[in-house]
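Here's coords-v5.cif, which has mmCIF, C-alpha atoms:
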data_coords
loop_
_atom_site.label_atom_id
_atom_site.label_comp_id
_atom_site.auth_asym_id
_atom_site.auth_seq_id
_atom_site.Cartn_x
_atom_site.Cartn_y
_atom_site.Cartn_z
CA MET A 23 4.73 29.47 -1.12
CA SER A 24 6.67 31.18 -3.86
CA ASN A 25 3.99 31.55 -6.52
CA GLU A 26 4.36 35.25 -7.06
CA GLN A 27 3.39 37.01 -10.23
CA ALA A 28 4.91 36.26 -13.60
CA GLY A 29 3.27 39.04 -15.52
CA ALA A 30 -0.41 38.37 -14.99
CA LEU A 31 0.11 34.65 -14.35
CA VAL A 32 -0.52 33.54 -10.79
CA ILE A 33 -1.30 30.33 -8.95
CA THR A 34 -1.78 29.85 -5.25
CA SER A 35 -0.56 27.03 -3.06
CA ALA A 36 -4.18 25.89 -2.77
CA ASP A 37 -4.47 25.67 -6.58
CA LEU A 38 -1.38 23.51 -6.74
CA CYS A 39 -2.54 21.25 -3.88
CA ASP A 40 -5.96 20.80 -5.47
CA ALA A 41 -4.38 19.94 -8.82
CA ILE A 42 -2.06 17.36 -7.21
CA LYS A 43 -4.85 15.76 -5.15
CA THR A 44 -7.30 15.57 -8.05
CA ALA A 45 -4.74 14.21 -10.53
CA THR A 46 -3.38 11.58 -8.10
CA GLN A 47 -6.80 10.35 -7.02
CA ASP A 48 -7.99 10.25 -10.64
CA VAL A 49 -4.97 8.25 -11.84
CA PHE A 50 -5.18 5.75 -8.97
CA SER A 51 -8.93 5.24 -9.19
CA THR A 52 -8.93 4.89 -12.99
CA MET A 53 -5.77 2.88 -13.63
CA LEU A 54 -5.40 0.94 -10.35
CA SER A 55 -8.98 0.85 -8.99
CA VAL A 56 -7.67 2.24 -5.70
CA GLU A 57 -9.22 5.15 -3.83
CA LEU A 58 -6.45 7.20 -2.19
CA LYS A 59 -6.98 9.76 0.53
CA PRO A 60 -4.58 12.68 0.83
CA GLY A 61 -2.83 13.41 4.12
CA GLU A 62 -1.82 16.78 5.47
CA VAL A 63 -0.10 18.93 2.87
CA PHE A 64 3.26 20.48 3.74
CA THR A 65 6.01 22.48 2.06
CA GLU A 66 9.74 21.80 1.97
CA LYS A 67 12.46 24.20 1.04
CA GLN A 68 15.65 22.66 2.35
CA GLU A 69 17.07 19.39 1.15
CA ALA A 70 14.98 16.50 2.38
CA ALA A 71 16.58 13.95 4.69
CA PRO A 72 18.29 11.06 2.90
CA ALA A 73 15.67 8.67 1.59
CA SER A 74 15.43 5.12 0.33
CA GLY A 75 13.05 3.61 -2.15
CA VAL A 76 11.83 4.81 -5.53
CA VAL A 77 11.70 8.40 -6.76
CA SER A 78 10.36 9.39 -10.16
CA LEU A 79 10.98 12.91 -11.49
CA ILE A 80 9.54 14.91 -14.38
CA GLY A 81 10.52 18.40 -15.52
CA LEU A 82 8.07 21.14 -16.48
CA ALA A 83 9.08 24.02 -18.73
CA GLY A 84 7.44 27.05 -20.29
CA PRO A 85 6.42 30.41 -18.82
CA TRP A 86 6.75 28.59 -15.49
CA VAL A 87 9.39 25.94 -14.77
CA GLY A 88 9.72 23.25 -12.17
CA THR A 89 9.74 19.59 -11.31
CA GLY A 90 7.14 17.08 -10.22
CA SER A 91 7.93 13.87 -8.38
CA VAL A 92 6.38 10.74 -6.93
CA SER A 93 8.26 8.89 -4.19
CA CYS A 94 7.45 5.75 -2.26
CA THR A 95 9.00 2.67 -0.68
CA ALA A 96 10.17 -0.22 -2.85
CA SER A 97 7.34 -2.41 -1.57
CA LEU A 98 4.71 0.20 -2.45
CA ALA A 99 6.27 0.61 -5.92
CA CYS A 100 5.88 -3.17 -6.41
CA ARG A 101 2.29 -2.97 -5.27
CA ILE A 102 1.55 -0.10 -7.68
CA ALA A 103 2.99 -2.14 -10.57
CA SER A 104 1.14 -5.30 -9.52
CA GLN A 105 -2.19 -3.49 -9.33
CA MET A 106 -1.66 -1.57 -12.56
CA LEU A 107 -0.33 -4.44 -14.67
CA MET A 108 -2.33 -7.23 -13.03
CA ALA A 109 0.77 -9.32 -12.36
CA GLU A 110 2.82 -10.18 -9.30
CA TYR A 111 6.01 -8.19 -8.71
CA PRO A 112 7.75 -9.38 -5.55
CA GLY A 113 10.78 -7.12 -6.09
CA ILE A 114 11.94 -4.07 -8.00
CA SER A 115 12.28 -4.76 -11.72
CA GLU A 116 12.20 -2.88 -15.03
CA ASP A 117 8.42 -3.32 -15.11
CA VAL A 118 8.01 -1.88 -11.62
CA LEU A 119 10.15 1.18 -12.35
CA ASP A 120 8.35 1.68 -15.66
CA ALA A 121 4.95 1.51 -13.94
CA VAL A 122 6.00 4.12 -11.37
CA ALA A 123 7.36 6.31 -14.17
CA GLU A 124 4.06 6.10 -16.04
CA VAL A 125 2.01 6.84 -12.91
CA THR A 126 4.21 9.90 -12.40
CA ASN A 127 3.78 10.90 -16.03
CA MET A 128 0.00 10.71 -15.74
CA ILE A 129 -0.18 12.53 -12.39
CA ILE A 130 2.20 15.37 -13.25
CA GLY A 131 0.80 15.53 -16.80
CA ASN A 132 -2.66 16.10 -15.40
CA VAL A 133 -1.35 18.65 -12.87
CA LYS A 134 0.24 20.45 -15.82
CA THR A 135 -3.04 20.42 -17.76
CA ALA A 136 -4.90 21.80 -14.73
CA LEU A 137 -2.40 24.65 -14.37
CA GLU A 138 -2.01 25.49 -18.05
CA ASN A 139 -5.22 27.50 -18.26
CA ARG A 140 -3.69 29.98 -15.85
CA LEU A 141 0.03 29.67 -16.45
CA GLY A 142 0.20 29.12 -20.19
CA SER A 143 1.33 26.11 -22.18
CA MET A 144 4.12 24.03 -20.64
CA LEU A 145 6.22 21.10 -21.84
CA LEU A 146 6.77 17.89 -19.92
CA SER A 147 10.01 15.93 -19.94
CA THR A 148 10.02 12.14 -19.97
CA PRO A 149 10.27 10.66 -16.44
CA THR A 150 13.53 9.74 -14.71
CA VAL A 151 13.22 7.00 -12.08
CA ILE A 152 15.74 6.30 -9.33
CA TYR A 153 15.75 3.30 -7.02
CA GLY A 154 18.27 3.12 -4.23
CA ARG A 155 19.19 3.82 -0.64
CA ASN A 156 20.39 6.88 1.20
CA PHE A 157 19.94 9.42 -1.60
CA GLN A 158 18.87 13.05 -1.56
CA THR A 159 17.04 15.19 -4.08
CA ARG A 160 17.02 18.95 -4.24
CA SER A 161 15.92 21.66 -6.64
CA ALA A 162 18.78 23.37 -8.42
CA ARG A 163 17.10 26.70 -7.73
CA ASN A 164 16.33 25.89 -4.11
CA GLN A 165 12.62 26.26 -4.80
CA GLU A 166 9.92 25.37 -2.35
CA TRP A 167 8.18 22.00 -2.85
CA THR A 168 4.48 21.52 -2.21
CA VAL A 169 4.18 17.97 -0.88
CA VAL A 170 0.95 15.96 -0.75
CA PRO A 171 1.28 12.63 1.08
CA PHE A 172 -1.11 9.76 0.38
CA GLU A 173 -1.54 6.53 2.31
CA TRP A 174 -2.34 3.13 0.88
CA ASP A 175 -2.76 0.46 3.58
CA ASN A 176 -0.29 2.14 5.94
CA GLU A 177 2.32 2.75 3.23
CA ARG A 178 3.09 6.30 2.27
CA MET A 179 3.54 7.84 -1.16
CA CYS A 180 4.40 11.51 -1.65
CA VAL A 181 3.51 13.55 -4.72
CA GLN A 182 5.35 16.85 -4.82
CA VAL A 183 5.77 19.75 -7.19
CA CYS A 184 7.98 22.82 -7.18
CA ILE A 185 7.13 25.42 -9.78
CA ALA A 186 8.04 29.07 -10.25
CA PRO A 187 7.90 31.75 -12.95
CA ASN A 188 10.55 31.28 -15.61
CA PRO A 189 12.83 34.33 -15.53
CA ASP A 190 13.79 33.73 -19.14
CA ALA A 191 10.90 31.81 -20.69
CA GLU A 192 12.15 32.06 -24.26
CA SER A 193 15.71 30.85 -23.73
CA GLN A 194 14.99 28.08 -21.22
CA LYS A 195 12.47 26.00 -23.11
CA ILE A 196 13.14 22.28 -23.00
CA ARG A 197 11.72 19.53 -25.15
CA PRO A 198 10.29 16.23 -23.96
CA GLY A 199 13.18 13.87 -23.39
CA PHE A 200 15.57 16.49 -22.04
CA PRO A 201 16.94 15.92 -18.53
CA VAL A 202 14.89 17.31 -15.66
CA PRO A 203 16.17 20.52 -14.05
CA HIS A 204 17.07 18.72 -10.88
CA MET A 205 20.10 17.79 -8.84
CA LEU A 206 20.49 14.35 -7.41
CA ASN A 207 22.92 12.96 -4.85
CA VAL A 208 22.96 9.16 -4.94
CA MET B 19 -6.43 -6.93 -37.49
CA ASP B 20 -2.82 -6.20 -36.58
CA VAL B 21 -2.23 -3.24 -34.29
CA LEU B 22 0.71 -0.92 -33.63
CA ILE B 23 1.06 0.58 -30.13
CA VAL B 24 3.56 3.43 -29.80
CA ASP B 25 4.40 4.58 -26.27
CA ASP B 26 7.69 5.01 -24.41
CA SER B 27 6.15 3.25 -21.41
CA ALA B 28 6.15 -0.56 -21.59
CA ALA B 29 3.53 -0.50 -18.83
CA ILE B 30 1.09 1.48 -20.98
CA ARG B 31 1.76 -0.74 -23.99
CA LYS B 32 0.82 -3.77 -21.87
CA ILE B 33 -2.28 -2.06 -20.50
CA LEU B 34 -3.45 -0.99 -23.96
CA GLN B 35 -3.06 -4.56 -25.24
CA ARG B 36 -5.19 -5.78 -22.35
CA VAL B 37 -7.78 -3.07 -22.98
CA LEU B 38 -8.03 -4.02 -26.66
CA VAL B 39 -8.82 -7.58 -25.64
CA GLN B 40 -11.37 -6.34 -23.06
CA ALA B 41 -12.90 -4.12 -25.73
CA GLN B 42 -13.29 -7.25 -27.90
CA VAL B 43 -11.30 -5.74 -30.73
CA PRO B 44 -10.41 -8.62 -33.06
CA ILE B 45 -6.66 -8.16 -32.81
CA GLY B 46 -4.03 -10.25 -34.52
CA THR B 47 -0.41 -9.38 -33.96
CA VAL B 48 0.35 -6.41 -31.73
CA PHE B 49 3.51 -4.56 -32.71
CA GLU B 50 5.14 -2.28 -30.16
CA ALA B 51 7.33 0.79 -30.57
CA SER B 52 8.74 3.12 -27.93
CA ASP B 53 8.81 6.29 -30.05
CA GLY B 54 7.78 7.72 -33.41
CA VAL B 55 11.00 6.70 -35.12
CA GLU B 56 10.50 3.04 -34.21
CA GLY B 57 6.82 3.34 -35.04
CA LEU B 58 7.48 4.60 -38.56
CA ALA B 59 10.10 1.90 -39.16
CA LEU B 60 7.57 -0.77 -38.13
CA LEU B 61 4.82 0.71 -40.29
CA LYS B 62 7.11 0.49 -43.32
CA LYS B 63 7.58 -3.25 -42.70
CA GLN B 64 4.16 -4.32 -41.40
CA THR B 65 0.61 -3.66 -42.48
CA VAL B 66 -1.57 -2.74 -39.53
CA GLY B 67 -5.22 -1.79 -39.25
CA LEU B 68 -4.97 0.45 -36.19
CA VAL B 69 -2.36 2.64 -34.49
CA LEU B 70 -2.50 3.76 -30.86
CA SER B 71 0.08 6.44 -30.07
CA ASP B 72 1.26 8.53 -27.14
CA ILE B 73 2.31 12.16 -27.72
CA ASN B 74 5.18 12.88 -25.30
CA MET B 75 7.95 10.54 -26.39
CA PRO B 76 11.70 10.92 -26.96
CA ASN B 77 13.31 11.04 -30.43
CA MET B 78 10.07 11.66 -32.33
CA ASP B 79 6.92 12.70 -30.48
CA GLY B 80 3.43 11.53 -31.34
CA LEU B 81 2.41 14.67 -33.21
CA GLU B 82 5.39 14.50 -35.57
CA PHE B 83 4.76 10.77 -35.98
CA LEU B 84 1.15 11.52 -36.86
CA THR B 85 2.14 14.18 -39.40
CA LYS B 86 4.59 11.82 -41.10
CA ILE B 87 1.99 9.06 -41.33
CA ARG B 88 -0.60 11.36 -42.89
CA ALA B 89 1.97 12.65 -45.39
CA GLU B 90 2.11 9.12 -46.83
CA PRO B 91 -0.82 8.48 -49.23
CA ALA B 92 -0.92 4.76 -48.34
CA TRP B 93 -1.63 5.60 -44.69
CA LYS B 94 -4.10 8.43 -45.33
CA ASP B 95 -7.05 6.47 -43.95
CA LEU B 96 -5.24 4.42 -41.29
CA PRO B 97 -7.15 4.81 -37.98
CA ILE B 98 -4.88 6.49 -35.41
CA LEU B 99 -6.01 6.92 -31.82
CA MET B 100 -3.88 9.27 -29.72
CA VAL B 101 -3.61 8.29 -26.03
CA SER B 102 -1.86 10.98 -24.00
CA THR B 103 -1.65 12.84 -20.69
CA GLU B 104 -1.80 16.04 -22.73
CA GLY B 105 -5.33 17.21 -22.06
CA THR B 106 -5.70 20.82 -23.12
CA GLN B 107 -8.19 21.65 -25.84
CA ALA B 108 -5.38 23.20 -27.88
CA LYS B 109 -3.38 19.95 -27.87
CA VAL B 110 -6.42 17.85 -28.77
CA LEU B 111 -7.25 20.22 -31.64
CA GLU B 112 -3.66 20.14 -32.86
CA ALA B 113 -3.75 16.34 -32.95
CA VAL B 114 -7.05 16.34 -34.84
CA GLU B 115 -5.75 18.94 -37.31
CA ARG B 116 -2.70 16.76 -37.95
CA GLY B 117 -4.96 13.82 -38.75
CA ALA B 118 -5.72 11.95 -35.52
CA SER B 119 -8.83 9.78 -35.83
CA GLY B 120 -9.54 10.03 -32.10
CA TYR B 121 -8.07 11.19 -28.78
CA VAL B 122 -8.16 9.61 -25.33
CA ARG B 123 -6.66 11.28 -22.31
CA LYS B 124 -4.63 9.33 -19.75
CA PRO B 125 -5.71 8.03 -17.29
CA PHE B 126 -8.25 6.08 -19.31
CA THR B 127 -10.79 3.32 -18.73
CA ALA B 128 -11.33 0.33 -21.00
CA ASP B 129 -14.78 1.72 -21.78
CA GLN B 130 -13.32 5.02 -23.01
CA ILE B 131 -10.98 3.21 -25.40
CA LYS B 132 -13.80 0.91 -26.50
CA GLU B 133 -16.10 3.87 -27.16
CA LYS B 134 -13.48 5.67 -29.27
CA LEU B 135 -12.66 2.53 -31.23
CA ALA B 136 -16.37 1.92 -31.90
CA GLY B 137 -16.44 5.28 -33.64
CA LEU B 138 -13.51 4.32 -35.89
CA PHE B 139 -14.76 1.03 -37.33
#
Represent the structure of the file as structure tokens.
Amino acid sequence: MSNEQAGALVITSADLCDAIKTATQDVFSTMLSVELKPGEVFTEKQEAAPASGVVSLIGLAGPWVGTGSVSCTASLACRIASQMLMAEYPGISEDVLDAVAEVTNMIIGNVKTALENRLGSMLLSTPTVIYGRNFQTRSARNQEWTVVPFEWDNERMCVQVCIAPNPDAESQKIRPGFPVPHMLNV
Amino acid sequence: MDVLIVDDSAAIRKILQRVLVQAQVPIGTVFEASDGVEGLALLKKQTVGLVLSDINMPNMDGLEFLTKIRAEPAWKDLPILMVSTEGTQAKVLEAVERGASGYVRKPFTADQIKEKLAGLF
């Protein structure tokens, strides 16, 4: 993948995969009492095929910049919310989208913490959650995504991150709450 | 004891309320705010005995919120537990230097919250 040098700062694809797997499993076991097993990791550079369901996105900024996302079907999003909030959610609602956003925040936040020792301090935006049909997401810089799929009772959830050295670290800092550096076609 | 929970996630606010009950904290009214600005406005109107606050929030983040609370003499000793995904030592130290009474990293267990609260009261 595209994790070349940014000065002396380097991460490998394996580092990123390990950080994603550890953070996701930790969040699910601690907050949902669910043990998730990762599937086969893959990378994506081109726009993904149109998708349906729930996608939650968070921006990362600092000496390295990028985006982290969690995507799943609507039914799995409801199940995540039900398990996390100990209530029944038969359909997508504010609570369901908020639960997915918070799961994303915790996963990508912990990935960020794992990477910060090597890449320097980064900022995290607040999550943006989209629910719909037939939409596409792509990185504005056409970066490569590292995708780790997880399965929960035959339903699939993907956690993915694209991150690259910031060519202009000083001028491109963002603060939490700023929009994610991402393009979205709904 | 009335409690203020400040987090931009309604899901986390609900979970923290549940955890406080599980931790057998004798809570009265739980006030909720979704950022530091709302949190400060509530603190000016209500007297609470404990604040739980996130760090990464829009409008006013948890560290600025913490600084503003500690700048007010009346709230100098108010117990404030930070609950955040931010997990680096530098961030924890910054929160403590700004006056946090404790720090719990997300994801958290009820026992972790209970243990931190036991050290505050």
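Put simply, the PyMOL selection byres ((chain A and resi 171-179) around 8) on this file hits Leu58, Lys59, Pro60, Gly61, Glu62, Val63, Val92, Ser93, Cys94, Thr95, Leu98, Val169, Val170, Cys180 and Val181 of chain A.
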**Prompt:** Got a sec to pull out which chain B residues are within 12 Å of chain A, counting only C-alpha atoms, and send them as number ranges by chain?
**Reply:** B: 25-37, 53, 72-80, 101-110, 123-130
**Asked** How many Å separate CA of Glu56 in chain B from CA of Ile152 in chain A?
**Response**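 Rounded to one decimal, the two atoms are 25.6 Å apart.
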**Request:** Calculate how many Å separate CA of Ala186 in chain A from CA of Ala36 in chain A, rounding to one decimal.
**Result:**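 Computing it gives 14.7 Å between the two atoms.
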**Fill in**
CA of Asn188 in chain A sits from CA of Ser91 in chain A at a separation of 19.0 Å
**Prompt:** Quick one: of A:Ala109, A:Asp190, A:Leu141, A:Ala73, who's nearest to Phe157 in chain A, counting all atoms listed in the file?
**Reply:**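 Answer, going by the shortest atom-to-atom distance: A:Ala73.
Neighbouring residues of Cys100 in chain A at 7 Å or closer, counting all atoms listed in the file and skipping chain neighbours under 2 positions away, are Ala96, Ser97, Leu98, Ile102, Ala103, Ser104, Tyr111, Pro112, Gly113, Ile114 and Val118 of chain A.
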**Prompt:** What residues come out when you apply the PyMOL selection byres ((chain A and resi 156) around 7) to this file, written as JSON, numbers by chain?
**Reply:** {"A": [72, 73, 74, 154, 155, 157, 158]}
**Request:** Evaluate the PyMOL selection byres ((chain A and resi 168) around 7) and record the selected residues as a PyMOL selection string, following the chain and residue labels used in the document.
**Result:** chain A and resi 64-66+166-167+169-170+182-184
**Asked** B:Val48, B:Ile23, B:Ala59, B:Leu81: which is nearest Leu111 in chain B, counting only C-alpha atoms?
**Response**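 Smallest distance to Leu111 in chain B is found for B:Leu81.
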**Residue contacts of Val114 in chain B (12 Å, all atoms listed in the file) excluding same-chain residues fewer than 5 positions away, as a PyMOL selection string** = chain B and resi 81+84-85+88+97-100+107-109+119-122
Complete the atoms of range 172-192 of chain A to N, CA and C atoms and put them out as a PDB file, keeping the file's coordinate frame.
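New file selection02.pdb:
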ATOM      1  N   PHE A 172       0.064  10.637   0.488  1.00  0.00           N
ATOM      2  CA  PHE A 172      -1.110   9.760   0.380  1.00  0.00           C
ATOM      3  C   PHE A 172      -0.760   8.460   1.090  1.00  0.00           C
ATOM      4  N   GLU A 173      -1.769   7.820   1.655  1.00  0.00           N
ATOM      5  CA  GLU A 173      -1.540   6.530   2.310  1.00  0.00           C
ATOM      6  C   GLU A 173      -2.321   5.437   1.623  1.00  0.00           C
ATOM      7  N   TRP A 174      -1.666   4.301   1.448  1.00  0.00           N
ATOM      8  CA  TRP A 174      -2.340   3.130   0.880  1.00  0.00           C
ATOM      9  C   TRP A 174      -1.994   1.957   1.805  1.00  0.00           C
ATOM     10  N   ASP A 175      -2.963   1.544   2.621  1.00  0.00           N
ATOM     11  CA  ASP A 175      -2.760   0.460   3.580  1.00  0.00           C
ATOM     12  C   ASP A 175      -1.486   0.662   4.406  1.00  0.00           C
ATOM     13  N   ASN A 176      -1.402   1.808   5.034  1.00  0.00           N
ATOM     14  CA  ASN A 176      -0.290   2.140   5.940  1.00  0.00           C
ATOM     15  C   ASN A 176       1.059   2.356   5.251  1.00  0.00           C
ATOM     16  N   GLU A 177       1.070   2.400   3.932  1.00  0.00           N
ATOM     17  CA  GLU A 177       2.320   2.750   3.230  1.00  0.00           C
ATOM     18  C   GLU A 177       2.128   4.134   2.639  1.00  0.00           C
ATOM     19  N   ARG A 178       3.211   4.905   2.667  1.00  0.00           N
ATOM     20  CA  ARG A 178       3.090   6.300   2.270  1.00  0.00           C
ATOM     21  C   ARG A 178       3.712   6.568   0.907  1.00  0.00           C
ATOM     22  N   MET A 179       3.014   7.384   0.125  1.00  0.00           N
ATOM     23  CA  MET A 179       3.540   7.840  -1.160  1.00  0.00           C
ATOM     24  C   MET A 179       3.429   9.367  -1.175  1.00  0.00           C
ATOM     25  N   CYS A 180       4.465  10.046  -1.601  1.00  0.00           N
ATOM     26  CA  CYS A 180       4.400  11.510  -1.650  1.00  0.00           C
ATOM     27  C   CYS A 180       4.418  11.993  -3.103  1.00  0.00           C
ATOM     28  N   VAL A 181       3.504  12.887  -3.415  1.00  0.00           N
ATOM     29  CA  VAL A 181       3.510  13.550  -4.720  1.00  0.00           C
ATOM     30  C   VAL A 181       3.875  14.995  -4.461  1.00  0.00           C
ATOM     31  N   GLN A 182       4.914  15.488  -5.100  1.00  0.00           N
ATOM     32  CA  GLN A 182       5.350  16.850  -4.820  1.00  0.00           C
ATOM     33  C   GLN A 182       5.723  17.593  -6.097  1.00  0.00           C
ATOM     34  N   VAL A 183       5.499  18.890  -6.025  1.00  0.00           N
ATOM     35  CA  VAL A 183       5.770  19.750  -7.190  1.00  0.00           C
ATOM     36  C   VAL A 183       6.441  21.024  -6.695  1.00  0.00           C
ATOM     37  N   CYS A 184       7.476  21.462  -7.388  1.00  0.00           N
ATOM     38  CA  CYS A 184       7.980  22.820  -7.180  1.00  0.00           C
ATOM     39  C   CYS A 184       7.882  23.519  -8.531  1.00  0.00           C
ATOM     40  N   ILE A 185       7.321  24.702  -8.520  1.00  0.00           N
ATOM     41  CA  ILE A 185       7.130  25.420  -9.780  1.00  0.00           C
ATOM     42  C   ILE A 185       7.221  26.911  -9.520  1.00  0.00           C
ATOM     43  N   ALA A 186       7.849  27.634 -10.435  1.00  0.00           N
ATOM     44  CA  ALA A 186       8.040  29.070 -10.250  1.00  0.00           C
ATOM     45  C   ALA A 186       8.093  29.740 -11.621  1.00  0.00           C
ATOM     46  N   PRO A 187       7.830  31.048 -11.659  1.00  0.00           N
ATOM     47  CA  PRO A 187       7.900  31.750 -12.950  1.00  0.00           C
ATOM     48  C   PRO A 187       9.281  31.583 -13.575  1.00  0.00           C
ATOM     49  N   ASN A 188       9.292  31.414 -14.878  1.00  0.00           N
ATOM     50  CA  ASN A 188      10.550  31.280 -15.610  1.00  0.00           C
ATOM     51  C   ASN A 188      11.104  32.671 -15.877  1.00  0.00           C
ATOM     52  N   PRO A 189      12.285  32.992 -15.324  1.00  0.00           N
ATOM     53  CA  PRO A 189      12.830  34.330 -15.530  1.00  0.00           C
ATOM     54  C   PRO A 189      13.203  34.598 -16.988  1.00  0.00           C
ATOM     55  N   ASP A 190      13.389  33.559 -17.750  1.00  0.00           N
ATOM     56  CA  ASP A 190      13.790  33.730 -19.140  1.00  0.00           C
ATOM     57  C   ASP A 190      13.064  32.682 -19.981  1.00  0.00           C
ATOM     58  N   ALA A 191      11.746  32.845 -20.088  1.00  0.00           N
ATOM     59  CA  ALA A 191      10.900  31.810 -20.690  1.00  0.00           C
ATOM     60  C   ALA A 191      11.345  31.420 -22.085  1.00  0.00           C
ATOM     61  N   GLU A 192      11.816  32.371 -22.864  1.00  0.00           N
ATOM     62  CA  GLU A 192      12.150  32.060 -24.260  1.00  0.00           C
ATOM     63  C   GLU A 192      13.420  31.226 -24.381  1.00  0.00           C
TER      64      GLU A 192
END
